[in-house]
Amino acid sequence: MNKKLGALALLGASAVALAGCSGGGGGGASSAAATGDLTVWLVGTDTPQEARDYLKKTFEDEHQGWTLTIEEKTWADTSDNYIAALSSNDAPDVVEVGNTQAPGFISQGLFADLSAVQSTLGGDDLLQSFVELGSEDGTLYAAPYYAGSRVVFYSPSMFTGTVPTTLDEYVADGMAMKTDTVSGIYAPGKDWYNALPYIWAHGGEIAVKDGDTWDAQFSSPKSIAGLTQLQEVYQKANNAPADADETDPQVPFCAGEVGFLSAPAWMKGSVLAAADAKAPGCPDTYGKDLAAFALPGMTAGEVAPVFAGGSNIAVAAKSDAKDMATSALEIMLSEGYQKIMAENGLIPALSSFAEYLPSDEITAQAAKAASASKAVPASANWSEVESAGVIKDALVKIAQGEDVTTIAEGLDSQIEAILNK
């Protein structure tokens with residue numbers, strides 16, 4: 001979920017068949033076959049249904065006799081389940097992964113080389129920070145898909161006060177809104193993406209590199225200050241379970257159970273989703289009463305550093321239809337497809353399509369948040385930190401009231417053992 005922007009300086013699309021890619025692992029149709037079924041794995045509900053329909057129709061219209069099947073996975077699937085599937089002879093053809101997960105899959109040889117088509121996929125117009133995460137030794141293996149930054153959503157009918165100008169004010173307002181049925185600040189314990197800004201706002205870090213060695217920083221004084229404030233949020237502003245994650249937060253928001261919801265800007269699309277959608281929103285209630293602001297920092301006028309993420313998209317190394325998979329990738333980076341993504345608040349993979357982003361206040365606040373965003377450590381082993389769940393486990397314990405310093409020291413040891421392997 002997983003999930004690096006600068007400001008809104010972003011991201012041409014078209015692709016040709018992969019050079020020399022006539023087939024891969026399994027026993028399905030070869031890439032030269034007249035008919036076949038292409039499998040695309042997308043994660044969660046962030047990709048709008050309109051975009052999914054566009055991909056399937058466009059691909060099948062362009063390749064008569066072929067069908068394209070989209071399978072929806074969860075972020076929990078993108079660790080061991082993905083590795084097992086991508087290593088098998090029945091691998092999916094195209095997969096979405098979190099931007100921070102891409103280096104780990106690439107290092108295991110699970111993605112096909114896209115360097116031969118990089119220029120036709122967009123070249124320098126692609127979101128370059130995501131190109132870096134999707135590359136190894138200068139070779140592209142996972143193209144940018146979409147990006148976004150987090151903003152704080154709220155309903156003006158529920159929160160009637162002045163938008164907080166500091167992180168302390170934000171926490172105080174959240175505590176004031178909390179009731180037995182309302183989380184003033186929605187903060188499930190496993191949501192590490194929204195935990196990091198507390199650390200970063202106080203000047204802390206996840207880990208810093210000293211020569212060739214990573215030094216984890218969760219137990220530094222500044223990080224402890226952030227984690228202590230986060231524990232206050234867990235215990236005094238929040239009703240979400242300590243062992244829950246951030247999946248589908250529009251559900252409690254639409255139920256009127258959330259005051260402040262820190263979520264990617266594209267959550268607007270989930271809130272506005274029709275009631276009969278796969279992941280229904282509330283377009284007729286809170287959908288008409290929706291606002292957002294960039295999470296404030298420690299000083300008035302500052303924006304807190306937030307985790308900015310998104311996804312990369314790749315062709316499986318063991319796909320037995322790599323040319324068809326590349327054609328699907330071409331469509332997913334095309335103007336028609338990316339326009340749909342952008343109109344739903346997802347920062348497009350190519351800068352030339354940024355014009356399709358909504359010209360509304362929520363998007364403006366997302367751009368403001370993006371200008372101060374931060375990333376996870378640039379380590380090839382970082383995906384192992386995520387898949388091990390050590391940060392989530394530590395945050396659950398903090399949410400349950402355990403000693404912050406003790407938990408942070410143990411977490412630092414776990415992270416250093418992984419990053420310094």
# chains A, B, ... in the order shown; residues from 1 in each chain; ligands from 1

$ select_by_dssp --residues "stretch 2-181 of chain A" --states "strand (DSSP E)" --output "VMD selection string"
chain A and resid 36 to 43 66 to 73 94 to 98 135 to 136 139 to 140 142 to 148 150 to 154

$ write_last_selection --atoms "C-alpha atoms" --output "mmCIF file, in the first residue's frame"
data_model
loop_
_atom_site.group_PDB
_atom_site.id
_atom_site.type_symbol
_atom_site.label_atom_id
_atom_site.label_comp_id
_atom_site.auth_asym_id
_atom_site.auth_seq_id
_atom_site.Cartn_x
_atom_site.Cartn_y
_atom_site.Cartn_z
ATOM 1 C CA GLY A 36 -5.932 -16.469 -25.101
ATOM 2 C CA ASP A 37 -6.732 -14.968 -21.736
ATOM 3 C CA LEU A 38 -4.590 -12.245 -20.213
ATOM 4 C CA THR A 39 -4.669 -11.849 -16.443
ATOM 5 C CA VAL A 40 -4.153 -8.479 -14.782
ATOM 6 C CA TRP A 41 -3.810 -8.150 -11.021
ATOM 7 C CA LEU A 42 -4.874 -4.832 -9.484
ATOM 8 C CA VAL A 43 -4.644 -4.071 -5.782
ATOM 9 C CA TRP A 66 -8.298 -12.562 -26.582
ATOM 10 C CA THR A 67 -10.003 -11.837 -23.279
ATOM 11 C CA LEU A 68 -8.620 -9.790 -20.421
ATOM 12 C CA THR A 69 -9.480 -10.738 -16.867
ATOM 13 C CA ILE A 70 -8.877 -8.373 -13.973
ATOM 14 C CA GLU A 71 -8.409 -9.939 -10.551
ATOM 15 C CA GLU A 72 -8.515 -7.700 -7.494
ATOM 16 C CA LYS A 73 -5.954 -8.426 -4.790
ATOM 17 C CA VAL A 94 0.449 -7.883 -15.501
ATOM 18 C CA VAL A 95 0.647 -6.924 -11.826
ATOM 19 C CA GLU A 96 0.282 -3.771 -9.776
ATOM 20 C CA VAL A 97 2.634 -3.334 -6.824
ATOM 21 C CA GLY A 98 3.197 -0.534 -4.355
ATOM 22 C CA SER A 135 14.513 0.212 -12.118
ATOM 23 C CA GLU A 136 17.652 -1.715 -11.252
ATOM 24 C CA THR A 139 17.000 -0.958 -16.454
ATOM 25 C CA LEU A 140 13.244 -0.404 -16.130
ATOM 26 C CA ALA A 142 8.115 -1.647 -13.374
ATOM 27 C CA ALA A 143 6.541 1.424 -14.961
ATOM 28 C CA PRO A 144 4.801 4.152 -12.949
ATOM 29 C CA TYR A 145 1.048 3.598 -12.624
ATOM 30 C CA TYR A 146 -0.289 6.412 -10.419
ATOM 31 C CA ALA A 147 0.776 8.507 -7.450
ATOM 32 C CA GLY A 148 -0.836 10.459 -4.673
ATOM 33 C CA ARG A 150 -2.446 12.134 1.811
ATOM 34 C CA VAL A 151 -4.803 14.851 2.952
ATOM 35 C CA VAL A 152 -7.185 15.056 5.907
ATOM 36 C CA PHE A 153 -10.803 14.610 4.829
ATOM 37 C CA TYR A 154 -13.650 15.898 6.972
#

$ atom_distance --atom1 "atom CA of A:Asn312" --atom2 "atom CA of A:Met341"
13.8 Å

$ residues_around --residues "A:Tyr82" --least-positions-apart "4" --cutoff "10 Å" --atoms "only C-alpha atoms" --output "short mmCIF file (atom, residue, chain, number, x, y, z; two decimals) with all heavy atoms, in the first residue's frame"
data_model
loop_
_atom_site.label_atom_id
_atom_site.label_comp_id
_atom_site.auth_asym_id
_atom_site.auth_seq_id
_atom_site.Cartn_x
_atom_site.Cartn_y
_atom_site.Cartn_z
N TRP A 41 -3.55 -8.27 -12.45
CA TRP A 41 -3.81 -8.15 -11.02
C TRP A 41 -3.74 -6.68 -10.60
O TRP A 41 -2.71 -6.02 -10.79
CB TRP A 41 -2.78 -8.95 -10.23
CG TRP A 41 -3.04 -10.44 -10.21
CD1 TRP A 41 -3.96 -11.13 -10.94
CD2 TRP A 41 -2.34 -11.41 -9.42
NE1 TRP A 41 -3.89 -12.47 -10.66
CE2 TRP A 41 -2.91 -12.68 -9.73
CE3 TRP A 41 -1.31 -11.35 -8.50
CZ2 TRP A 41 -2.46 -13.85 -9.14
CZ3 TRP A 41 -0.86 -12.52 -7.91
CH2 TRP A 41 -1.43 -13.76 -8.22
N LYS A 73 -6.69 -7.90 -5.93
CA LYS A 73 -5.95 -8.43 -4.79
C LYS A 73 -5.97 -7.41 -3.65
O LYS A 73 -6.34 -6.26 -3.83
CB LYS A 73 -4.51 -8.76 -5.20
CG LYS A 73 -4.40 -9.75 -6.36
CD LYS A 73 -5.02 -11.09 -6.00
CE LYS A 73 -4.97 -12.07 -7.16
NZ LYS A 73 -5.56 -13.39 -6.81
N TRP A 75 -3.63 -5.54 -0.42
CA TRP A 75 -2.23 -5.23 -0.16
C TRP A 75 -1.56 -6.34 0.64
O TRP A 75 -0.35 -6.54 0.54
CB TRP A 75 -2.12 -3.88 0.56
CG TRP A 75 -2.41 -2.74 -0.36
CD1 TRP A 75 -3.46 -1.89 -0.32
CD2 TRP A 75 -1.64 -2.35 -1.51
NE1 TRP A 75 -3.40 -0.98 -1.36
CE2 TRP A 75 -2.29 -1.25 -2.10
CE3 TRP A 75 -0.46 -2.84 -2.09
CZ2 TRP A 75 -1.82 -0.62 -3.25
CZ3 TRP A 75 0.02 -2.21 -3.24
CH2 TRP A 75 -0.65 -1.12 -3.80
N ALA A 76 -2.34 -7.07 1.41
CA ALA A 76 -1.78 -8.20 2.15
C ALA A 76 -1.29 -9.29 1.20
O ALA A 76 -0.38 -10.06 1.54
CB ALA A 76 -2.81 -8.77 3.12
N ASP A 77 -1.88 -9.36 0.00
CA ASP A 77 -1.48 -10.37 -0.98
C ASP A 77 -0.12 -10.07 -1.61
O ASP A 77 0.51 -10.97 -2.18
CB ASP A 77 -2.50 -10.46 -2.12
CG ASP A 77 -3.83 -11.05 -1.69
OD1 ASP A 77 -3.81 -11.95 -0.82
OD2 ASP A 77 -4.87 -10.62 -2.21
N THR A 78 0.31 -8.80 -1.53
CA THR A 78 1.48 -8.39 -2.32
C THR A 78 2.80 -8.76 -1.65
O THR A 78 3.82 -8.15 -1.94
CB THR A 78 1.46 -6.88 -2.59
OG1 THR A 78 1.44 -6.17 -1.34
CG2 THR A 78 0.25 -6.50 -3.42
N LEU A 86 4.12 -15.27 -8.83
CA LEU A 86 5.02 -14.78 -9.88
C LEU A 86 6.18 -15.74 -10.13
O LEU A 86 6.81 -15.69 -11.19
CB LEU A 86 5.57 -13.41 -9.49
CG LEU A 86 4.54 -12.27 -9.53
CD1 LEU A 86 5.09 -11.02 -8.84
CD2 LEU A 86 4.16 -11.94 -10.98
N SER A 87 6.46 -16.62 -9.18
CA SER A 87 7.53 -17.61 -9.34
C SER A 87 7.03 -18.90 -9.99
O SER A 87 7.83 -19.76 -10.35
CB SER A 87 8.14 -17.95 -7.97
OG SER A 87 8.67 -16.81 -7.34
N SER A 88 5.73 -19.03 -10.13
CA SER A 88 5.15 -20.28 -10.62
C SER A 88 5.05 -20.28 -12.14
O SER A 88 5.28 -19.27 -12.80
CB SER A 88 3.75 -20.48 -10.02
OG SER A 88 2.82 -19.60 -10.65
N ALA A 91 1.86 -17.91 -13.71
CA ALA A 91 1.95 -16.53 -13.23
C ALA A 91 0.91 -15.65 -13.90
O ALA A 91 0.55 -15.87 -15.05
CB ALA A 91 3.35 -15.98 -13.50
N PRO A 92 0.44 -14.61 -13.20
CA PRO A 92 -0.38 -13.60 -13.86
C PRO A 92 0.48 -12.88 -14.88
O PRO A 92 1.71 -13.03 -14.89
CB PRO A 92 -0.80 -12.68 -12.72
CG PRO A 92 0.29 -12.84 -11.70
CD PRO A 92 0.70 -14.28 -11.79
N VAL A 95 0.94 -7.08 -13.25
CA VAL A 95 0.65 -6.92 -11.83
C VAL A 95 0.91 -5.50 -11.36
O VAL A 95 1.86 -4.84 -11.81
CB VAL A 95 1.47 -7.90 -10.96
CG1 VAL A 95 1.06 -9.34 -11.23
CG2 VAL A 95 2.96 -7.72 -11.18
N VAL A 97 1.96 -3.24 -8.12
CA VAL A 97 2.63 -3.33 -6.82
C VAL A 97 2.79 -1.93 -6.26
O VAL A 97 2.80 -0.95 -7.00
CB VAL A 97 4.01 -4.01 -6.90
CG1 VAL A 97 3.88 -5.46 -7.35
CG2 VAL A 97 4.95 -3.25 -7.83
N PHE A 105 10.68 -6.97 -5.63
CA PHE A 105 10.29 -7.92 -6.67
C PHE A 105 11.31 -7.94 -7.80
O PHE A 105 11.62 -8.99 -8.36
CB PHE A 105 8.91 -7.53 -7.23
CG PHE A 105 7.78 -7.78 -6.27
CD1 PHE A 105 7.16 -6.74 -5.61
CD2 PHE A 105 7.33 -9.07 -6.03
CE1 PHE A 105 6.13 -6.97 -4.72
CE2 PHE A 105 6.29 -9.32 -5.15
CZ PHE A 105 5.69 -8.26 -4.50
N LEU A 110 11.49 -11.17 -10.78
CA LEU A 110 10.11 -11.54 -11.03
C LEU A 110 9.42 -10.71 -12.11
O LEU A 110 8.31 -11.04 -12.54
CB LEU A 110 9.30 -11.45 -9.73
CG LEU A 110 9.77 -12.41 -8.62
CD1 LEU A 110 9.00 -12.15 -7.34
CD2 LEU A 110 9.62 -13.86 -9.06
#

$ atom_distance --atom1 "atom CA of A:Ala399" --atom2 "atom CA of A:Tyr234"
5.4 Å

$ closest_atom_pairs --of "stretch 340-396 of chain A" --to "stretch 192-214 of chain A" --cutoff "12 Å" --atoms "only C-alpha atoms" --output "JSON lines"
{"residue": "A:Ala369", "atom": "CA", "partner": "A:Pro197", "partner_atom": "CA", "distance": 11.1}
{"residue": "A:Ala372", "atom": "CA", "partner": "A:Ala201", "partner_atom": "CA", "distance": 10.3}
{"residue": "A:Ser373", "atom": "CA", "partner": "A:Pro197", "partner_atom": "CA", "distance": 9.0}
{"residue": "A:Lys374", "atom": "CA", "partner": "A:Trp200", "partner_atom": "CA", "distance": 8.4}
{"residue": "A:Ala375", "atom": "CA", "partner": "A:Ile206", "partner_atom": "CA", "distance": 9.5}
{"residue": "A:Val376", "atom": "CA", "partner": "A:Ile206", "partner_atom": "CA", "distance": 7.2}
{"residue": "A:Pro377", "atom": "CA", "partner": "A:Ala207", "partner_atom": "CA", "distance": 6.5}
{"residue": "A:Ala378", "atom": "CA", "partner": "A:Lys209", "partner_atom": "CA", "distance": 9.6}
{"residue": "A:Ser379", "atom": "CA", "partner": "A:Trp214", "partner_atom": "CA", "distance": 9.0}
{"residue": "A:Ala380", "atom": "CA", "partner": "A:Trp214", "partner_atom": "CA", "distance": 11.9}
{"residue": "A:Asn381", "atom": "CA", "partner": "A:Trp214", "partner_atom": "CA", "distance": 10.9}
{"residue": "A:Trp382", "atom": "CA", "partner": "A:Ala207", "partner_atom": "CA", "distance": 10.6}
{"residue": "A:Val385", "atom": "CA", "partner": "A:Ile206", "partner_atom": "CA", "distance": 11.3}
{"residue": "A:Glu386", "atom": "CA", "partner": "A:Trp192", "partner_atom": "CA", "distance": 9.8}
{"residue": "A:Gly389", "atom": "CA", "partner": "A:Trp192", "partner_atom": "CA", "distance": 9.8}
{"residue": "A:Val390", "atom": "CA", "partner": "A:Trp192", "partner_atom": "CA", "distance": 10.2}
{"residue": "A:Ile391", "atom": "CA", "partner": "A:Trp192", "partner_atom": "CA", "distance": 6.8}
{"residue": "A:Lys392", "atom": "CA", "partner": "A:Trp192", "partner_atom": "CA", "distance": 6.1}
{"residue": "A:Asp393", "atom": "CA", "partner": "A:Trp192", "partner_atom": "CA", "distance": 9.7}
{"residue": "A:Ala394", "atom": "CA", "partner": "A:Trp192", "partner_atom": "CA", "distance": 9.6}
{"residue": "A:Leu395", "atom": "CA", "partner": "A:Trp192", "partner_atom": "CA", "distance": 7.3}
{"residue": "A:Val396", "atom": "CA", "partner": "A:Trp192", "partner_atom": "CA", "distance": 9.7}
